[in-house]
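K.L.:
Here you go, work_28.pdb (PDB, C-alpha atoms):
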```
ATOM      1  CA  MET J   1     174.700 239.537 -18.183
ATOM      2  CA  SER J   2     177.185 236.858 -17.319
ATOM      3  CA  ARG J   3     176.270 233.247 -17.925
ATOM      4  CA  ALA J   4     178.808 231.617 -15.630
ATOM      5  CA  ASP J   5     178.446 232.617 -12.010
ATOM      6  CA  LEU J   6     181.398 234.683 -10.865
ATOM      7  CA  SER J   7     180.226 234.950  -7.266
ATOM      8  CA  ASP J   8     182.299 231.963  -6.106
ATOM      9  CA  MET J   9     185.577 233.292  -7.458
ATOM     10  CA  THR J  10     188.298 234.438  -5.088
ATOM     11  CA  CYS J  11     188.956 237.584  -7.119
ATOM     12  CA  THR J  12     187.075 240.576  -5.767
ATOM     13  CA  VAL J  13     186.912 242.112  -9.246
ATOM     14  CA  ALA J  14     185.028 239.047 -10.471
ATOM     15  CA  ARG J  15     182.627 239.102  -7.527
ATOM     16  CA  THR J  16     182.003 242.819  -7.894
ATOM     17  CA  LEU J  17     181.261 242.280 -11.590
ATOM     18  CA  GLU J  18     178.708 239.604 -10.697
ATOM     19  CA  ILE J  19     176.808 242.229  -8.676
ATOM     20  CA  PHE J  20     177.414 245.389 -10.641
ATOM     21  CA  GLY J  21     179.157 244.451 -13.881
ATOM     22  CA  ASP J  22     176.316 244.519 -16.385
ATOM     23  CA  THR J  23     175.714 247.549 -18.575
ATOM     24  CA  TRP J  24     172.378 248.532 -17.076
ATOM     25  CA  SER J  25     173.395 248.315 -13.439
ATOM     26  CA  GLN J  26     176.239 250.679 -14.207
ATOM     27  CA  MET J  27     173.958 253.020 -16.192
ATOM     28  CA  ILE J  28     171.426 253.067 -13.352
ATOM     29  CA  VAL J  29     174.094 253.876 -10.761
ATOM     30  CA  ARG J  30     175.521 256.571 -13.082
ATOM     31  CA  GLU J  31     172.027 258.069 -13.323
ATOM     32  CA  MET J  32     171.631 258.012  -9.542
ATOM     33  CA  PHE J  33     174.924 259.895  -9.198
ATOM     34  CA  LEU J  34     173.315 262.539 -11.448
ATOM     35  CA  GLY J  35     170.516 262.835  -8.895
ATOM     36  CA  SER J  36     167.687 260.669 -10.287
ATOM     37  CA  ARG J  37     165.782 258.741  -7.646
ATOM     38  CA  ARG J  38     162.463 257.747  -9.159
ATOM     39  CA  PHE J  39     161.636 254.798 -11.372
ATOM     40  CA  ASP J  40     160.320 256.916 -14.247
ATOM     41  CA  ASP J  41     163.361 259.201 -14.240
ATOM     42  CA  LEU J  42     165.743 256.273 -14.140
ATOM     43  CA  GLN J  43     163.855 254.588 -16.951
ATOM     44  CA  GLN J  44     163.533 257.601 -19.243
ATOM     45  CA  LEU J  45     166.988 259.031 -18.749
ATOM     46  CA  THR J  46     168.881 255.774 -19.217
ATOM     47  CA  GLY J  47     166.608 254.156 -21.841
ATOM     48  CA  VAL J  48     166.446 250.854 -19.953
ATOM     49  CA  SER J  49     163.219 248.873 -20.307
ATOM     50  CA  PRO J  50     160.885 248.985 -17.283
ATOM     51  CA  HIS J  51     161.218 245.202 -16.876
ATOM     52  CA  THR J  52     165.018 245.267 -16.805
ATOM     53  CA  LEU J  53     165.069 248.348 -14.580
ATOM     54  CA  SER J  54     162.827 246.600 -12.078
ATOM     55  CA  LYS J  55     165.092 243.542 -11.995
ATOM     56  CA  ARG J  56     168.271 245.597 -11.645
ATOM     57  CA  LEU J  57     166.832 247.750  -8.855
ATOM     58  CA  LYS J  58     165.952 244.577  -6.933
ATOM     59  CA  ARG J  59     169.467 243.217  -7.357
ATOM     60  CA  LEU J  60     171.126 246.504  -6.421
ATOM     61  CA  GLU J  61     168.895 246.689  -3.360
ATOM     62  CA  ALA J  62     169.742 243.096  -2.371
ATOM     63  CA  ALA J  63     173.438 244.009  -2.680
ATOM     64  CA  GLU J  64     172.819 247.050  -0.434
ATOM     65  CA  ILE J  65     174.041 249.390  -3.160
ATOM     66  CA  ILE J  66     170.717 251.244  -3.123
ATOM     67  CA  ARG J  67     167.844 251.445  -0.686
ATOM     68  CA  ARG J  68     164.202 252.015  -1.411
ATOM     69  CA  HIS J  69     161.933 254.235   0.585
ATOM     70  CA  ALA J  70     158.325 255.244   0.136
ATOM     71  CA  TYR J  71     157.612 258.866  -0.689
ATOM     72  CA  SER J  72     153.861 258.296  -1.060
ATOM     73  CA  ASP J  73     151.537 255.849   0.675
ATOM     74  CA  ARG J  74     148.509 256.148  -1.606
ATOM     75  CA  PRO J  75     149.362 255.232  -4.259
ATOM     76  CA  PRO J  76     152.487 253.494  -2.950
ATOM     77  CA  ARG J  77     155.474 255.182  -4.614
ATOM     78  CA  TYR J  78     159.131 254.610  -4.008
ATOM     79  CA  GLU J  79     162.393 256.439  -4.394
ATOM     80  CA  TYR J  80     165.803 254.821  -4.635
ATOM     81  CA  LYS J  81     168.916 256.260  -3.055
ATOM     82  CA  LEU J  82     172.517 255.153  -3.120
ATOM     83  CA  THR J  83     173.776 253.794   0.193
ATOM     84  CA  GLU J  84     177.322 254.334   1.427
ATOM     85  CA  ARG J  85     178.274 251.121  -0.421
ATOM     86  CA  GLY J  86     176.639 252.539  -3.523
ATOM     87  CA  ARG J  87     178.325 255.930  -3.285
ATOM     88  CA  ASP J  88     181.582 254.048  -3.017
ATOM     89  CA  LEU J  89     181.085 252.921  -6.622
ATOM     90  CA  TRP J  90     181.730 256.509  -7.728
ATOM     91  CA  PRO J  91     185.376 255.809  -8.696
ATOM     92  CA  ALA J  92     184.186 253.047 -11.041
ATOM     93  CA  ILE J  93     181.832 255.432 -12.863
ATOM     94  CA  ILE J  94     184.434 258.221 -12.867
ATOM     95  CA  ALA J  95     186.953 255.845 -14.439
ATOM     96  CA  LEU J  96     184.517 255.110 -17.286
ATOM     97  CA  LYS J  97     183.856 258.831 -17.715
ATOM     98  CA  ALA J  98     187.582 259.661 -17.792
ATOM     99  CA  TRP J  99     188.210 256.949 -20.366
ATOM    100  CA  GLY J 100     185.304 258.055 -22.553
ATOM    101  CA  ASP J 101     186.213 261.745 -22.285
ATOM    102  CA  LYS J 102     189.762 260.965 -23.358
ATOM    103  CA  TRP J 103     189.286 258.297 -26.012
ATOM    104  CA  LEU J 104     185.818 258.830 -27.481
ATOM    105  CA  ASP J 105     185.512 262.610 -27.675
ATOM    106  CA  GLY J 106     189.009 263.888 -28.302
ATOM    107  CA  PRO J 107     189.669 267.421 -27.116
ATOM    108  CA  ALA J 108     185.998 268.487 -27.057
ATOM    109  CA  THR J 109     184.505 269.649 -23.769
ATOM    110  CA  ALA J 110     183.309 266.719 -21.674
ATOM    111  CA  PRO J 111     179.511 266.352 -21.500
ATOM    112  CA  ILE J 112     179.774 266.222 -17.710
ATOM    113  CA  THR J 113     182.117 268.554 -15.853
ATOM    114  CA  LEU J 114     183.025 267.770 -12.258
ATOM    115  CA  THR J 115     183.722 270.366  -9.601
ATOM    116  CA  HIS J 116     185.501 269.524  -6.360
ATOM    117  CA  LYS J 117     183.386 271.086  -3.636
ATOM    118  CA  ALA J 118     186.285 271.456  -1.177
ATOM    119  CA  CYS J 119     188.500 273.529  -3.495
ATOM    120  CA  GLY J 120     185.831 274.878  -5.856
ATOM    121  CA  GLN J 121     187.831 273.956  -8.959
ATOM    122  CA  VAL J 122     186.886 271.950 -12.026
ATOM    123  CA  THR J 123     188.460 268.535 -11.564
ATOM    124  CA  GLU J 124     189.408 265.426 -13.520
ATOM    125  CA  PRO J 125     190.127 262.975 -10.709
ATOM    126  CA  TYR J 126     192.996 260.538 -11.159
ATOM    127  CA  LEU J 127     194.488 257.660  -9.201
ATOM    128  CA  VAL J 128     197.453 258.046  -6.910
ATOM    129  CA  CYS J 129     199.472 255.516  -4.928
ATOM    130  CA  SER J 130     198.312 255.297  -1.308
ATOM    131  CA  ALA J 131     201.921 254.870  -0.150
ATOM    132  CA  CYS J 132     203.739 257.720  -1.917
ATOM    133  CA  GLY J 133     200.914 259.883  -3.301
ATOM    134  CA  GLU J 134     202.275 259.879  -6.851
ATOM    135  CA  PRO J 135     200.116 259.071  -9.913
ATOM    136  CA  ILE J 136     199.848 255.350 -10.658
ATOM    137  CA  ASP J 137     198.798 253.445 -13.759
ATOM    138  CA  ALA J 138     198.784 249.947 -15.221
ATOM    139  CA  LEU J 139     202.425 249.897 -16.331
ATOM    140  CA  GLY J 140     203.583 251.441 -13.054
ATOM    141  CA  SER J 141     202.079 248.712 -10.894
ATOM    142  CA  HIS J 142     202.542 245.041 -10.264
ATOM    143  CA  ALA J 143     199.900 242.529  -9.099
ATOM    144  CA  THR J 144     200.655 239.742  -6.614
ATOM    145  CA  LEU J 145     198.083 236.983  -6.227
ATOM    146  CA  SER J 146     197.234 235.483  -2.848
ATOM    147  CA  PRO J 147     197.953 231.753  -2.340
ATOM    148  CA  ASP J 148     194.188 231.062  -2.490
ATOM    149  CA  MET J 149     193.873 232.817  -5.797
ATOM    150  CA  GLN J 150     196.937 231.050  -7.200
ATOM    151  CA  ARG J 151     195.484 227.678  -6.205
ATOM    152  CA  GLU J 152     192.133 228.532  -7.769
ATOM    153  CA  ARG J 153     193.770 229.503 -11.049
ATOM    154  CA  ALA J 154     195.919 226.370 -11.125
ATOM    155  CA  ALA J 155     192.778 224.275 -10.574
ATOM    156  CA  ARG J 156     190.957 226.063 -13.403
ATOM    157  CA  ARG J 157     193.800 225.252 -15.777
ATOM    158  CA  ARG J 158     193.903 221.576 -14.710
ATOM    159  CA  GLN J 159     190.129 221.257 -14.990
ATOM    160  CA  ASN J 160     190.211 222.522 -18.561
ATOM    161  CA  THR J 161     193.235 220.673 -19.824
ATOM    162  CA  GLY J 162     192.234 217.445 -18.127
ATOM    163  CA  THR J 163     195.664 216.895 -16.589
TER     164      THR J 163
ATOM    165  CA  MET U   1     174.485 243.104 -22.526
ATOM    166  CA  SER U   2     172.483 246.197 -23.175
ATOM    167  CA  ARG U   3     169.433 246.002 -25.398
ATOM    168  CA  ALA U   4     169.049 249.712 -26.157
ATOM    169  CA  ASP U   5     172.020 251.154 -27.979
ATOM    170  CA  LEU U   6     173.898 253.621 -25.796
ATOM    171  CA  SER U   7     176.386 254.590 -28.482
ATOM    172  CA  ASP U   8     174.369 257.618 -29.618
ATOM    173  CA  MET U   9     174.152 259.156 -26.161
ATOM    174  CA  THR U  10     176.034 262.346 -25.357
ATOM    175  CA  CYS U  11     177.259 260.968 -22.026
ATOM    176  CA  THR U  12     180.716 259.453 -22.304
ATOM    177  CA  VAL U  13     179.940 257.028 -19.463
ATOM    178  CA  ALA U  14     177.058 255.619 -21.528
ATOM    179  CA  ARG U  15     179.173 255.299 -24.656
ATOM    180  CA  THR U  16     182.026 253.675 -22.756
ATOM    181  CA  LEU U  17     179.547 251.194 -21.274
ATOM    182  CA  GLU U  18     178.320 250.312 -24.770
ATOM    183  CA  ILE U  19     181.884 249.246 -25.656
ATOM    184  CA  PHE U  20     183.150 247.858 -22.379
ATOM    185  CA  GLY U  21     180.229 247.729 -19.946
ATOM    186  CA  ASP U  22     179.272 244.075 -20.061
ATOM    187  CA  THR U  23     180.495 241.626 -17.448
ATOM    188  CA  TRP U  24     182.647 239.528 -19.756
ATOM    189  CA  SER U  25     184.453 242.385 -21.454
ATOM    190  CA  GLN U  26     185.461 243.643 -18.037
ATOM    191  CA  MET U  27     186.514 240.148 -16.892
ATOM    192  CA  ILE U  28     188.585 239.671 -20.048
ATOM    193  CA  VAL U  29     190.348 243.017 -19.609
ATOM    194  CA  ARG U  30     190.933 242.214 -15.916
ATOM    195  CA  GLU U  31     192.499 238.914 -16.984
ATOM    196  CA  MET U  32     194.727 240.682 -19.513
ATOM    197  CA  PHE U  33     195.940 243.024 -16.763
ATOM    198  CA  LEU U  34     196.976 239.851 -14.898
ATOM    199  CA  GLY U  35     199.130 238.936 -17.899
ATOM    200  CA  SER U  36     197.016 236.464 -19.895
ATOM    201  CA  ARG U  37     197.309 236.887 -23.659
ATOM    202  CA  ARG U  38     196.129 233.654 -25.231
ATOM    203  CA  PHE U  39     192.611 232.514 -26.008
ATOM    204  CA  ASP U  40     192.807 229.352 -23.894
ATOM    205  CA  ASP U  41     194.184 231.211 -20.879
ATOM    206  CA  LEU U  42     191.541 233.907 -21.155
ATOM    207  CA  GLN U  43     188.844 231.270 -21.481
ATOM    208  CA  GLN U  44     189.970 229.003 -18.654
ATOM    209  CA  LEU U  45     190.871 231.676 -16.144
ATOM    210  CA  THR U  46     187.705 233.737 -16.539
ATOM    211  CA  GLY U  47     185.225 230.914 -17.186
ATOM    212  CA  VAL U  48     183.713 232.632 -20.217
ATOM    213  CA  SER U  49     182.417 230.356 -22.987
ATOM    214  CA  PRO U  50     184.627 230.143 -26.087
ATOM    215  CA  HIS U  51     181.797 231.585 -28.219
ATOM    216  CA  THR U  52     181.314 234.634 -26.012
ATOM    217  CA  LEU U  53     185.061 235.126 -25.630
ATOM    218  CA  SER U  54     185.465 235.144 -29.378
ATOM    219  CA  LYS U  55     182.729 237.772 -29.799
ATOM    220  CA  ARG U  56     184.099 239.968 -27.017
ATOM    221  CA  LEU U  57     187.668 239.821 -28.339
ATOM    222  CA  LYS U  58     186.392 240.973 -31.741
ATOM    223  CA  ARG U  59     184.538 243.883 -30.187
ATOM    224  CA  LEU U  60     187.454 244.889 -27.984
ATOM    225  CA  GLU U  61     189.727 244.741 -31.020
ATOM    226  CA  ALA U  62     187.312 246.872 -33.081
ATOM    227  CA  ALA U  63     187.298 249.405 -30.237
ATOM    228  CA  GLU U  64     191.128 249.373 -30.280
ATOM    229  CA  ILE U  65     191.224 248.273 -26.655
ATOM    230  CA  ILE U  66     193.224 245.177 -27.603
ATOM    231  CA  ARG U  67     195.226 244.159 -30.635
ATOM    232  CA  ARG U  68     195.803 240.711 -32.009
ATOM    233  CA  HIS U  69     199.103 239.446 -33.311
ATOM    234  CA  ALA U  70     200.191 236.065 -34.611
ATOM    235  CA  TYR U  71     202.685 234.130 -32.522
ATOM    236  CA  SER U  72     202.589 231.080 -34.802
ATOM    237  CA  ASP U  73     201.999 230.812 -38.550
ATOM    238  CA  ARG U  74     201.370 227.070 -38.797
ATOM    239  CA  PRO U  75     198.958 226.506 -37.231
ATOM    240  CA  PRO U  76     197.870 230.160 -37.124
ATOM    241  CA  ARG U  77     197.774 231.206 -33.461
ATOM    242  CA  TYR U  78     197.123 234.597 -31.983
ATOM    243  CA  GLU U  79     197.873 236.536 -28.856
ATOM    244  CA  TYR U  80     195.937 239.525 -27.600
ATOM    245  CA  LYS U  81     197.528 242.523 -25.945
ATOM    246  CA  LEU U  82     196.072 245.629 -24.405
ATOM    247  CA  THR U  83     196.729 248.781 -26.402
ATOM    248  CA  GLU U  84     197.356 252.165 -24.776
ATOM    249  CA  ARG U  85     193.570 252.720 -24.864
ATOM    250  CA  GLY U  86     193.143 249.361 -23.187
ATOM    251  CA  ARG U  87     195.730 249.986 -20.485
ATOM    252  CA  ASP U  88     193.892 253.216 -19.778
ATOM    253  CA  LEU U  89     190.966 251.112 -18.524
ATOM    254  CA  TRP U  90     193.076 250.114 -15.513
ATOM    255  CA  PRO U  91     191.415 252.665 -13.186
ATOM    256  CA  ALA U  92     188.012 251.128 -14.002
ATOM    257  CA  ILE U  93     189.210 247.652 -12.969
ATOM    258  CA  ILE U  94     191.047 249.009  -9.925
ATOM    259  CA  ALA U  95     187.851 250.766  -8.814
ATOM    260  CA  LEU U  96     185.973 247.447  -8.931
ATOM    261  CA  LYS U  97     188.777 245.745  -7.017
ATOM    262  CA  ALA U  98     188.838 248.470  -4.357
ATOM    263  CA  TRP U  99     185.077 248.234  -3.933
ATOM    264  CA  GLY U 100     185.116 244.446  -3.702
ATOM    265  CA  ASP U 101     188.076 244.399  -1.310
ATOM    266  CA  LYS U 102     186.291 246.842   0.985
ATOM    267  CA  TRP U 103     182.678 245.665   0.828
ATOM    268  CA  LEU U 104     182.774 241.967  -0.039
ATOM    269  CA  ASP U 105     185.712 240.672   1.984
ATOM    270  CA  GLY U 106     185.840 242.808   5.091
ATOM    271  CA  PRO U 107     189.252 243.074   6.714
ATOM    272  CA  ALA U 108     190.687 239.920   5.104
ATOM    273  CA  THR U 109     193.755 240.244   2.912
ATOM    274  CA  ALA U 110     192.829 241.167  -0.645
ATOM    275  CA  PRO U 111     193.218 238.316  -3.161
ATOM    276  CA  ILE U 112     195.289 240.634  -5.365
ATOM    277  CA  THR U 113     197.881 242.938  -3.819
ATOM    278  CA  LEU U 114     199.228 245.825  -5.879
ATOM    279  CA  THR U 115     202.739 247.180  -5.644
ATOM    280  CA  HIS U 116     203.691 250.599  -7.008
ATOM    281  CA  LYS U 117     206.870 250.005  -9.004
ATOM    282  CA  ALA U 118     208.154 253.565  -8.577
ATOM    283  CA  CYS U 119     208.124 253.539  -4.759
ATOM    284  CA  GLY U 120     208.204 249.791  -4.170
ATOM    285  CA  GLN U 121     205.354 249.911  -1.653
ATOM    286  CA  VAL U 122     202.110 247.985  -1.463
ATOM    287  CA  THR U 123     199.429 250.354  -2.686
ATOM    288  CA  GLU U 124     195.677 250.818  -2.668
ATOM    289  CA  PRO U 125     195.240 253.555  -5.284
ATOM    290  CA  TYR U 126     192.606 256.209  -4.664
ATOM    291  CA  LEU U 127     191.236 259.189  -6.558
ATOM    292  CA  VAL U 128     192.438 262.726  -5.978
ATOM    293  CA  CYS U 129     191.273 266.044  -7.362
ATOM    294  CA  SER U 130     193.384 267.175 -10.329
ATOM    295  CA  ALA U 131     193.181 270.791  -9.152
ATOM    296  CA  CYS U 132     194.146 270.539  -5.473
ATOM    297  CA  GLY U 133     195.486 266.996  -5.110
ATOM    298  CA  GLU U 134     193.213 266.132  -2.189
ATOM    299  CA  PRO U 135     191.102 262.942  -2.072
ATOM    300  CA  ILE U 136     187.740 263.265  -3.819
ATOM    301  CA  ASP U 137     184.566 261.196  -3.613
ATOM    302  CA  ALA U 138     180.922 261.269  -4.673
ATOM    303  CA  LEU U 139     179.688 263.562  -1.899
ATOM    304  CA  GLY U 140     182.654 265.895  -2.339
ATOM    305  CA  SER U 141     181.973 266.564  -6.004
ATOM    306  CA  HIS U 142     179.321 268.213  -8.124
ATOM    307  CA  ALA U 143     178.413 267.378 -11.742
ATOM    308  CA  THR U 144     177.526 270.035 -14.312
ATOM    309  CA  LEU U 145     175.931 268.887 -17.565
ATOM    310  CA  SER U 146     176.840 270.437 -20.907
ATOM    311  CA  PRO U 147     174.054 272.254 -22.842
ATOM    312  CA  ASP U 148     173.998 269.329 -25.334
ATOM    313  CA  MET U 149     173.501 266.822 -22.572
ATOM    314  CA  GLN U 150     170.808 268.954 -20.899
ATOM    315  CA  ARG U 151     168.919 269.172 -24.209
ATOM    316  CA  GLU U 152     169.191 265.435 -24.755
ATOM    317  CA  ARG U 153     167.797 264.690 -21.304
ATOM    318  CA  ALA U 154     164.923 267.152 -21.734
ATOM    319  CA  ALA U 155     164.051 265.469 -25.038
ATOM    320  CA  ARG U 156     164.095 262.020 -23.434
ATOM    321  CA  ARG U 157     161.634 263.185 -20.807
ATOM    322  CA  ARG U 158     159.313 264.776 -23.404
ATOM    323  CA  GLN U 159     159.485 261.690 -25.595
ATOM    324  CA  ASN U 160     158.421 259.472 -22.736
ATOM    325  CA  THR U 161     155.717 261.633 -21.227
ATOM    326  CA  GLY U 162     154.292 262.558 -24.625
ATOM    327  CA  THR U 163     154.185 266.286 -23.841
TER     328      THR U 163
END
```
As structure tokens, what does this structure read like?
P.N.:
Amino acid sequence: MSRADLSDMTCTVARTLEIFGDTWSQMIVREMFLGSRRFDDLQQLTGVSPHTLSKRLKRLEAAEIIRRHAYSDRPPRYEYKLTERGRDLWPAIIALKAWGDKWLDGPATAPITLTHKACGQVTEPYLVCSACGEPIDALGSHATLSPDMQRERAARRRQNTGT
Amino acid sequence: MSRADLSDMTCTVARTLEIFGDTWSQMIVREMFLGSRRFDDLQQLTGVSPHTLSKRLKRLEAAEIIRRHAYSDRPPRYEYKLTERGRDLWPAIIALKAWGDKWLDGPATAPITLTHKACGQVTEPYLVCSACGEPIDALGSHATLSPDMQRERAARRRQNTGT
């Protein structure tokens, strides 16, 4: 968990991390992409403690990443499903998977294989440029900061150096 | 930070999260993609405490995501640079940015604009299928678990239910 609050920062990466950037939130969302919906499944299959799971589910629900619905009235029992916002986190999980498959396991078969439903083929999704459609990576791109973000960063430097 | 150790899990998402899945590691790597290399810059521009920054830099270095090199001998001063492994985490940061730009800011201009050097255009990278080249998302894909991962998950369920 972060100690400083990132939710006031201009950067959308920072604000997304404040909502979703801790290890367990990402593990829980990964598990939901694998189809788990119930508290016990999420708890057992990720290894998170029930207390932490409960807290993370509340936060993910408040952020509208998941929604809760009752599947039993007596006793009251709930399932959790990813919303559209939540399903949109798929590229973040896929990026972690791609990195782990490449750098942690070497040439062994990945523990999770993805199939693209539309074409029926096994797939290892990768990023392309939205303008030209060619593959894009860190060295092939350049970041430009908005005036607001530049001002914020200048203020952070002044605040720390006391000038 | 995670309490349970995810590094023994078969899933490469889980093991990647154990290395890189906490909020500050991701903020530090995001800041390095923006060009910051020195301890003070990383500290001021992310807002992490010096103590936590120091611990995270050590872990990222041990994971070969960053490397440290001296830029001054007296006094000894170090810079940190992303390695190839580290630069390969770019899609994970870009996924967080894309999510935040879409869901946290609405139609406002993103605080960070990316340009694709090869084509010179502003870009919002997205994932495509490696087999057919078409866009791919959570609902358009299907995950198949390896036999090892299926066994591990069955064991986790048995362990927890005591059967």
K.L.:
Kindly provide, as a VMD selection string, the residues of chain U having any atom no farther than 6 Å from an atom of chain J, counting only C-alpha atoms.
P.N.:
chain U and resid 1 to 2 11 to 13 16 to 17 21 to 23 90 to 92 95 to 97 100 to 101 111 to 117 123 to 131 138 140 to 146
K.L.:
When you draw a straight line from CA of Arg77 in chain U to CA of Arg151 in chain J, how long is it in Å?
P.N.:
27.6 Å
K.L.:
For a test of reading the model, state the distance in Å between CA of Ile65 in chain U and CA of Leu60 in chain J, rounded to one decimal.
P.N.:
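Between these atoms lies a distance of 28.6 Å.
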K.L.:
What does the structure give for the distance between CA of Tyr71 in chain J and CA of His51 in chain J, in Å to one decimal?
P.N.:
21.5 Å
K.L.:
Taking all atoms listed in the file into account, name the residue in U:Ala108, U:Ala70, U:Ile28, U:Leu82 that is nearest to Leu53 in chain U.
P.N.:
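Between U:Ala108, U:Ala70, U:Ile28, U:Leu82, the residue approaching Leu53 in chain U most closely is U:Ile28.
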K.L.:
If we count all atoms listed in the file and set the cut-off at 8 Å, which residues sit around His69 in chain U, ignoring sequence neighbours fewer than 4 positions away in its own chain? Please answer as a CSV table (one decimal) with C-alpha atoms, in the frame of the given file.
P.N.:
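That gives us around.csv:
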```
chain,number,residue,atom,x,y,z
U,78,TYR,CA,197.1,234.6,-32.0
U,79,GLU,CA,197.9,236.5,-28.9
U,80,TYR,CA,195.9,239.5,-27.6
```
